[in-house]
$ cat final.txt   # compact mmCIF, C-alpha atoms
# COMPACT_ATOMS: atom_id res chain seq x y z
CA MET A 1 22.93 20.27 15.28
CA THR A 2 24.13 20.10 11.68
CA CYS A 3 22.72 21.64 8.52
CA PHE A 4 23.95 19.55 5.60
CA ASN A 5 24.51 21.63 2.47
CA ALA A 6 25.40 20.39 -0.99
CA ILE A 7 26.53 22.29 -4.07
CA ALA A 8 23.64 24.27 -5.54
CA LEU A 9 22.40 23.09 -8.91
CA THR A 10 21.26 26.05 -10.98
CA PRO A 11 18.64 25.66 -13.73
CA ALA A 12 21.33 26.29 -16.34
CA LEU A 13 23.58 23.56 -14.89
CA VAL A 14 20.78 21.02 -14.72
CA LEU A 15 19.71 21.78 -18.27
CA ALA A 16 23.28 21.66 -19.56
CA THR A 17 24.29 18.44 -17.85
CA ALA A 18 21.13 16.35 -17.96
CA SER A 19 18.70 18.10 -20.31
CA ALA A 20 16.56 19.11 -17.31
CA SER A 21 16.34 15.53 -16.03
CA ALA A 22 15.47 15.15 -12.37
CA VAL A 23 18.03 15.58 -9.62
CA THR A 24 17.74 12.45 -7.47
CA LEU A 25 18.86 12.51 -3.83
CA THR A 26 19.56 9.44 -1.72
CA PRO A 27 19.24 9.39 2.08
CA THR A 28 23.02 9.74 2.42
CA ASP A 29 22.98 12.76 0.09
CA ILE A 30 20.46 14.34 2.44
CA HIS A 31 21.74 13.56 5.94
CA GLY A 32 25.40 12.89 5.19
CA GLY A 33 25.41 9.91 7.57
CA ASP A 34 25.06 12.29 10.52
CA THR A 35 22.22 11.88 13.06
CA ASN A 36 22.71 15.54 14.06
CA THR A 37 21.52 16.81 10.66
CA VAL A 38 18.49 19.08 11.10
CA SER A 39 18.08 20.13 7.46
CA PHE A 40 19.41 19.68 3.94
CA SER A 41 19.68 22.37 1.28
CA ASP A 42 21.32 22.54 -2.13
CA GLY A 43 19.96 25.97 -2.96
CA ASN A 44 17.04 24.61 -4.95
CA LEU A 45 15.43 22.33 -2.37
CA THR A 46 15.45 22.43 1.42
CA LEU A 47 14.35 19.35 3.37
CA THR A 48 13.55 19.58 7.08
CA PRO A 49 12.26 16.83 9.42
CA LEU A 50 9.79 17.83 12.14
CA LEU A 51 8.38 16.17 15.24
CA GLY A 52 4.98 17.52 16.23
CA GLY A 53 5.71 20.60 14.12
CA ALA A 54 9.04 21.33 15.85
CA ALA A 55 12.54 20.83 14.44
CA THR A 56 14.14 17.42 14.89
CA THR A 57 16.95 15.47 13.21
CA PHE A 58 17.24 13.06 10.30
CA ASN A 59 18.31 9.47 10.84
CA SER A 60 21.64 8.28 9.44
CA ALA A 61 20.52 5.16 7.56
CA ALA A 62 22.05 4.82 4.09
CA GLY A 63 19.00 3.22 2.50
CA ARG A 64 15.96 4.78 4.17
CA LEU A 65 15.38 8.41 5.05
CA GLY A 66 13.46 9.17 8.22
CA ALA A 67 13.35 11.25 11.37
CA ASP A 68 15.37 10.23 14.42
CA PRO A 69 14.13 12.18 17.46
CA ALA A 70 15.46 10.95 20.78
CA GLY A 71 13.41 8.24 22.45
CA THR A 72 11.33 7.10 19.48
CA SER A 73 11.32 3.82 17.57
CA ASN A 74 11.15 3.27 13.80
CA ALA A 75 14.06 5.57 12.97
CA ASN A 76 14.13 4.11 9.43
CA GLY A 77 11.28 6.27 8.18
CA PHE A 78 8.75 8.96 8.98
CA SER A 79 6.24 7.51 11.41
CA ASP A 80 3.15 8.08 13.51
CA PRO A 81 3.56 5.81 16.54
CA ASP A 82 -0.11 5.94 17.57
CA THR A 83 -3.54 6.15 15.91
CA THR A 84 -4.11 9.85 16.62
CA VAL A 85 -3.59 12.24 13.74
CA GLY A 86 -1.81 15.56 14.22
CA ASN A 87 -0.45 15.24 17.75
CA ALA A 88 2.99 15.92 19.21
CA ASN A 89 4.59 12.61 18.18
CA ASP A 90 3.85 12.82 14.44
CA GLU A 91 7.00 12.89 12.28
CA THR A 92 6.75 14.97 9.11
CA LEU A 93 9.03 16.18 6.32
CA THR A 94 8.92 19.61 4.68
CA PHE A 95 10.08 20.24 1.10
CA GLN A 96 10.82 23.91 0.39
CA PHE A 97 11.45 24.57 -3.30
CA ALA A 98 13.15 27.58 -4.80
CA SER A 99 11.30 29.33 -7.60
CA GLY A 100 11.60 27.38 -10.83
CA PHE A 101 11.90 23.94 -9.22
CA GLY A 102 9.30 21.35 -8.29
CA LEU A 103 8.88 17.81 -6.95
CA SER A 104 9.22 15.17 -9.67
CA GLY A 105 9.29 11.91 -7.71
CA LEU A 106 9.67 9.86 -4.54
CA SER A 107 10.46 6.22 -3.90
CA TRP A 108 9.95 4.11 -0.79
CA ASP A 109 10.02 0.61 0.62
CA PHE A 110 8.99 -1.14 3.83
CA ALA A 111 6.02 1.22 4.22
CA ARG A 112 2.82 0.67 6.16
CA ALA A 113 -0.27 2.86 6.36
CA ASP A 114 -3.11 0.38 6.04
CA GLY A 115 -6.20 1.98 7.54
CA PRO A 116 -9.08 2.00 5.05
CA ASN A 117 -10.33 5.50 5.82
CA ALA A 118 -9.87 9.14 4.86
CA GLU A 119 -7.28 9.88 7.56
CA SER A 120 -4.95 6.94 6.83
CA GLY A 121 -2.13 6.92 4.32
CA VAL A 122 0.69 9.20 3.24
CA PHE A 123 -0.29 12.83 2.75
CA ILE A 124 1.58 15.58 0.88
CA SER A 125 0.06 19.04 1.29
CA GLY A 126 0.92 22.41 -0.23
CA PHE A 127 0.31 21.84 -3.95
CA THR A 128 -1.20 24.72 -5.92
CA ALA A 129 -2.79 22.40 -8.50
CA ASP A 130 -3.14 18.71 -9.29
CA PRO A 131 0.46 17.37 -9.44
CA LEU A 132 -0.67 14.55 -11.79
CA ALA A 133 0.80 11.80 -9.62
CA VAL A 134 1.34 8.28 -11.00
CA ILE A 135 2.41 5.25 -8.93
CA SER A 136 4.61 2.49 -10.32
CA GLY A 137 6.39 -0.50 -8.86
CA PRO A 138 5.34 -3.89 -7.46
CA GLN A 139 2.23 -2.52 -5.73
CA ALA A 140 1.07 -0.15 -8.45
CA GLY A 141 -2.16 -2.08 -8.81
CA VAL A 142 -3.21 -1.66 -5.17
CA ASN A 143 -1.64 1.63 -4.07
CA THR A 144 -3.77 4.61 -5.09
CA VAL A 145 -3.45 8.39 -5.16
CA THR A 146 -6.16 11.02 -4.74
CA TYR A 147 -5.75 14.77 -5.08
CA PHE A 148 -7.98 17.10 -3.05
CA GLY A 149 -8.01 20.46 -4.81
CA GLY A 150 -9.71 22.31 -1.98
CA THR A 151 -6.77 21.74 0.36
CA GLY A 152 -3.96 21.14 -2.15
CA THR A 153 -3.35 17.73 -0.60
CA LEU A 154 -2.36 14.44 -2.22
CA GLN A 155 -3.29 11.21 -0.41
CA ILE A 156 -1.31 8.05 -1.14
CA GLU A 157 -3.18 5.00 0.13
CA LEU A 158 -1.03 1.98 0.98
CA PRO A 159 -3.46 -0.90 1.59
CA LEU A 160 -0.65 -3.46 1.65
CA ALA A 161 2.44 -3.23 3.81
CA ASN A 162 5.48 -2.87 1.56
CA PHE A 163 7.56 -5.26 3.68
CA ALA A 164 10.18 -7.28 1.75
CA ASN A 165 9.25 -5.67 -1.57
CA PRO A 166 11.45 -3.63 -3.94
CA ASP A 167 10.95 0.10 -4.17
CA ASN A 168 7.66 1.63 -5.20
CA PHE A 169 7.65 4.98 -7.00
CA ILE A 170 5.46 8.02 -7.42
CA THR A 171 6.14 10.52 -10.20
CA PHE A 172 4.61 13.97 -10.62
CA GLY A 173 3.77 15.09 -14.14
CA ASN A 174 2.90 18.68 -13.19
CA LEU A 175 6.01 20.20 -11.60
CA ALA A 176 4.39 23.64 -11.64
CA ALA A 177 2.07 22.45 -8.86
CA SER A 178 5.01 22.60 -6.41
CA ASP A 179 7.04 25.36 -8.06
CA GLY A 180 8.47 27.52 -5.27
CA GLN A 181 6.15 25.93 -2.72
CA THR A 182 6.61 24.38 0.72
CA LEU A 183 5.16 20.86 0.82
CA VAL A 184 4.58 18.85 3.99
CA LEU A 185 4.64 15.03 4.01
CA SER A 186 2.98 13.11 6.84
CA VAL A 187 1.89 9.52 7.46
CA SER A 188 -0.94 8.20 9.61
CA ASP A 189 -3.05 5.13 10.32
CA THR A 190 -6.08 5.52 12.54
CA THR A 191 -6.72 1.79 12.85
CA GLU A 192 -3.26 0.52 13.86
CA ALA A 193 -0.36 2.29 15.55
CA GLY A 194 3.02 2.56 13.88
CA ALA A 195 2.37 3.88 10.38
CA LEU A 196 5.73 4.16 8.63
CA PHE A 197 7.00 5.72 5.38
CA PRO A 198 10.73 5.23 4.67
CA ILE A 199 11.89 7.35 1.72
CA THR A 200 14.57 5.80 -0.49
CA THR A 201 14.94 8.69 -2.99
CA VAL A 202 13.69 12.26 -3.48
CA SER A 203 13.70 13.72 -7.00
CA TYR A 204 13.11 17.25 -8.23
CA ASP A 205 13.44 19.02 -11.54
CA VAL A 206 13.42 22.37 -13.28
CA VAL A 207 9.85 23.47 -13.97
CA PRO A 208 9.41 23.75 -17.75
CA GLU A 209 8.62 27.22 -19.04
CA PRO A 210 5.22 27.47 -20.77
CA SER A 211 7.04 28.54 -23.95
CA SER A 212 9.22 25.41 -23.76
CA LEU A 213 6.15 23.20 -23.47
CA GLY A 214 4.66 24.97 -26.48
CA LEU A 215 7.83 24.40 -28.51
CA ILE A 216 7.83 20.71 -27.56
CA GLY A 217 4.23 20.41 -28.69
CA LEU A 218 4.96 22.29 -31.93
CA GLY A 219 7.93 20.04 -32.60
CA GLY A 220 5.72 17.00 -32.19
CA LEU A 221 3.20 18.40 -34.65
CA LEU A 222 5.92 19.14 -37.22
CA ILE A 223 7.31 15.62 -36.91
CA ALA A 224 3.82 14.16 -37.33
CA ARG A 225 3.18 16.29 -40.44
CA ARG A 226 6.57 15.30 -41.92
CA ARG A 227 5.78 11.62 -41.36
CA ARG A 228 2.39 12.00 -43.02
CA GLY A 229 4.03 13.84 -45.89

$ encode --input "final.txt" --output "C-alpha cells"
Amino acid sequence: MTCFNAIALTPALVLATASASAVTLTPTDIHGGDTNTVSFSDGNLTLTPLLGGAATTFNSAAGRLGADPAGTSNANGFSDPDTTVGNANDETLTFQFASGFGLSGLSWDFARADGPNAESGVFISGFTADPLAVISGPQAGVNTVTYFGGTGTLQIELPLANFANPDNFITFGNLAASDGQTLVLSVSDTTEAGALFPITTVSYDVVPEPSSLGLIGLGGLLIARRRRG
C-alpha cells in the first residue's frame, strides 16, 4: 500500500505564487500512476478512497480518478455497482481539509447517475453551510445542484449520461463551508445499476479571511465612487 505525498502548499506560498488562486490536482497528481496508492496528502488536503467505508486504493488512470478495489468493474471512476444505497460495494472519496483551506471545484466526464429521485446522483456531505455551488460545461442546463442545510449535503443531479462529452465543472463560491472539514463524495442510482462519477480534476483554495473580503468590498466601493466622481 502506498501513500502518495506531494510538497505542501502553505497559505503564504499559494498567495505569493498565484494570488490565492485554486490549486488544481489531476488524477496523476493524486495517485502517482500507482494502483497501490491508498491516500494522497499535500499537507492542506488529504484524499482517501473507500469501499463500503473501508480503505481501498485509487486507480492509476491518467485522465479519470476513481477507486480500484480488487474484483470490481468501472475502475475509471467512483461507482455504485447496484441500485442499493449505502452497502458494502459503494465506492466513496473523502476530502480532509486543513484549517484555512476549502473545496473550490471539481470536474468530471463520462458520468452517469440518472435516477430521477432523491437518492440518485452525486452527493457531497460534510459542509457547514451552503457552499454556493455553480455548474458549468456542456450540460449546465440540465445538471442541477441542491443543498440540504439540515444534513450539510450537496446533491448533484445528472439526468443525462456524460458519455462522449467534454468536462463539466462545479465551482464552490463559499470556501468557508468546507474550511477544515472532512467531506465525503458518493454516487448512487436507485433505478439502474452502475452509477459512475469519474473525477478529472480536484481544486482547492485558501479560505479568504473575513477582513480580506471586507477590504475587497471596500476597494470596489472606492473604485465606484472614483468613477462617479

$ residues_around --input "final.txt" --residues "A:Gln155" --least-positions-apart "4" --cutoff "10 Å" --atoms "all atoms listed in the file" --output "list of chain:residue names"
A:Ala118, A:Glu119, A:Ser120, A:Gly121, A:Val122, A:Phe123, A:Ile124, A:Ser125, A:Thr144, A:Val145, A:Thr146, A:Tyr147, A:Phe148, A:Leu185, A:Ser186, A:Val187

$ atom_distance --input "final.txt" --atom1 "atom CA of A:Pro81" --atom2 "atom CA of A:Ala193"
5.4 Å

$ atom_distance --input "final.txt" --atom1 "atom CA of A:Gly173" --atom2 "atom CA of A:Ile135"
11.2 Å

$ closest_residue --input "final.txt" --among "A:Leu93, A:Asn143, A:Asn76, A:Leu175" --to "A:Ala62" --atoms "all atoms listed in the file"
A:Asn76

$ residues_near_point --input "final.txt" --point "(4.7, 14.9, 18.8)" --cutoff "6 Å" --atoms "only C-alpha atoms" --output "NGL selection string"
:A and (51-52 or 87-90)

$ atom_distance --input "final.txt" --atom1 "atom CA of A:Leu103" --atom2 "atom CA of A:Phe169"
12.9 Å

$ closest_residue --input "final.txt" --among "A:Phe172, A:Phe97, A:Phe58, A:Phe78" --to "A:Ser41" --atoms "only C-alpha atoms"
A:Phe97

$ closest_residue --input "final.txt" --among "A:Thr153, A:Ser188, A:Thr46, A:Asn174" --to "A:Thr94" --atoms "all atoms listed in the file"
A:Thr46

$ residues_around --input "final.txt" --residues "A:Ser79" --least-positions-apart "2" --cutoff "6 Å" --atoms "only C-alpha atoms" --output "list of chain:residue names"
A:Glu91, A:Ala195, A:Leu196

$ write_last_selection --input "final.txt" --atoms "C-alpha atoms" --output "tab-separated table (two decimals), in the frame of the given file"
chain	number	residue	atom	x	y	z
A	91	GLU	CA	7.00	12.89	12.28
A	195	ALA	CA	2.37	3.88	10.38
A	196	LEU	CA	5.73	4.16	8.63

$ residues_around --input "final.txt" --residues "A:Gly66" --least-positions-apart "6" --cutoff "8 Å" --atoms "only C-alpha atoms" --output "PDB file with C-alpha atoms, in the coordinates of the input"
ATOM      1  CA  PRO A  49      12.260  16.830   9.420  1.00  0.00           C
ATOM      2  CA  PHE A  58      17.240  13.060  10.300  1.00  0.00           C
ATOM      3  CA  ASN A  59      18.310   9.470  10.840  1.00  0.00           C
ATOM      4  CA  ALA A  75      14.060   5.570  12.970  1.00  0.00           C
ATOM      5  CA  ASN A  76      14.130   4.110   9.430  1.00  0.00           C
ATOM      6  CA  GLY A  77      11.280   6.270   8.180  1.00  0.00           C
ATOM      7  CA  PHE A  78       8.750   8.960   8.980  1.00  0.00           C
ATOM      8  CA  PHE A 197       7.000   5.720   5.380  1.00  0.00           C
ATOM      9  CA  PRO A 198      10.730   5.230   4.670  1.00  0.00           C
ATOM     10  CA  ILE A 199      11.890   7.350   1.720  1.00  0.00           C
TER      11      ILE A 199
END

$ closest_residue --input "final.txt" --among "A:Val85, A:Ala22, A:Leu65, A:Ala140" --to "A:Thr200" --atoms "all atoms listed in the file"
A:Leu65

$ residues_around --input "final.txt" --residues "A:Thr201" --least-positions-apart "2" --cutoff "10 Å" --atoms "all atoms listed in the file" --output "number ranges by chain"
A: 24-30, 63-65, 105-108, 167, 169, 198-199, 203

$ write_last_selection --input "final.txt" --atoms "C-alpha atoms" --output "PDB file, keeping the file's coordinate frame"
ATOM      1  CA  THR A  24      17.740  12.450  -7.470  1.00  0.00           C
ATOM      2  CA  LEU A  25      18.860  12.510  -3.830  1.00  0.00           C
ATOM      3  CA  THR A  26      19.560   9.440  -1.720  1.00  0.00           C
ATOM      4  CA  PRO A  27      19.240   9.390   2.080  1.00  0.00           C
ATOM      5  CA  THR A  28      23.020   9.740   2.420  1.00  0.00           C
ATOM      6  CA  ASP A  29      22.980  12.760   0.090  1.00  0.00           C
ATOM      7  CA  ILE A  30      20.460  14.340   2.440  1.00  0.00           C
ATOM      8  CA  GLY A  63      19.000   3.220   2.500  1.00  0.00           C
ATOM      9  CA  ARG A  64      15.960   4.780   4.170  1.00  0.00           C
ATOM     10  CA  LEU A  65      15.380   8.410   5.050  1.00  0.00           C
ATOM     11  CA  GLY A 105       9.290  11.910  -7.710  1.00  0.00           C
ATOM     12  CA  LEU A 106       9.670   9.860  -4.540  1.00  0.00           C
ATOM     13  CA  SER A 107      10.460   6.220  -3.900  1.00  0.00           C
ATOM     14  CA  TRP A 108       9.950   4.110  -0.790  1.00  0.00           C
ATOM     15  CA  ASP A 167      10.950   0.100  -4.170  1.00  0.00           C
ATOM     16  CA  PHE A 169       7.650   4.980  -7.000  1.00  0.00           C
ATOM     17  CA  PRO A 198      10.730   5.230   4.670  1.00  0.00           C
ATOM     18  CA  ILE A 199      11.890   7.350   1.720  1.00  0.00           C
ATOM     19  CA  SER A 203      13.700  13.720  -7.000  1.00  0.00           C
TER      20      SER A 203
END

$ residues_around --input "final.txt" --residues "A:Pro159" --least-positions-apart "2" --cutoff "8 Å" --atoms "all atoms listed in the file" --output "list in words"
Arg112, Ala113, Asp114, Gly115, Pro116, Val142, Asn143, Glu157 and Ala161 of chain A
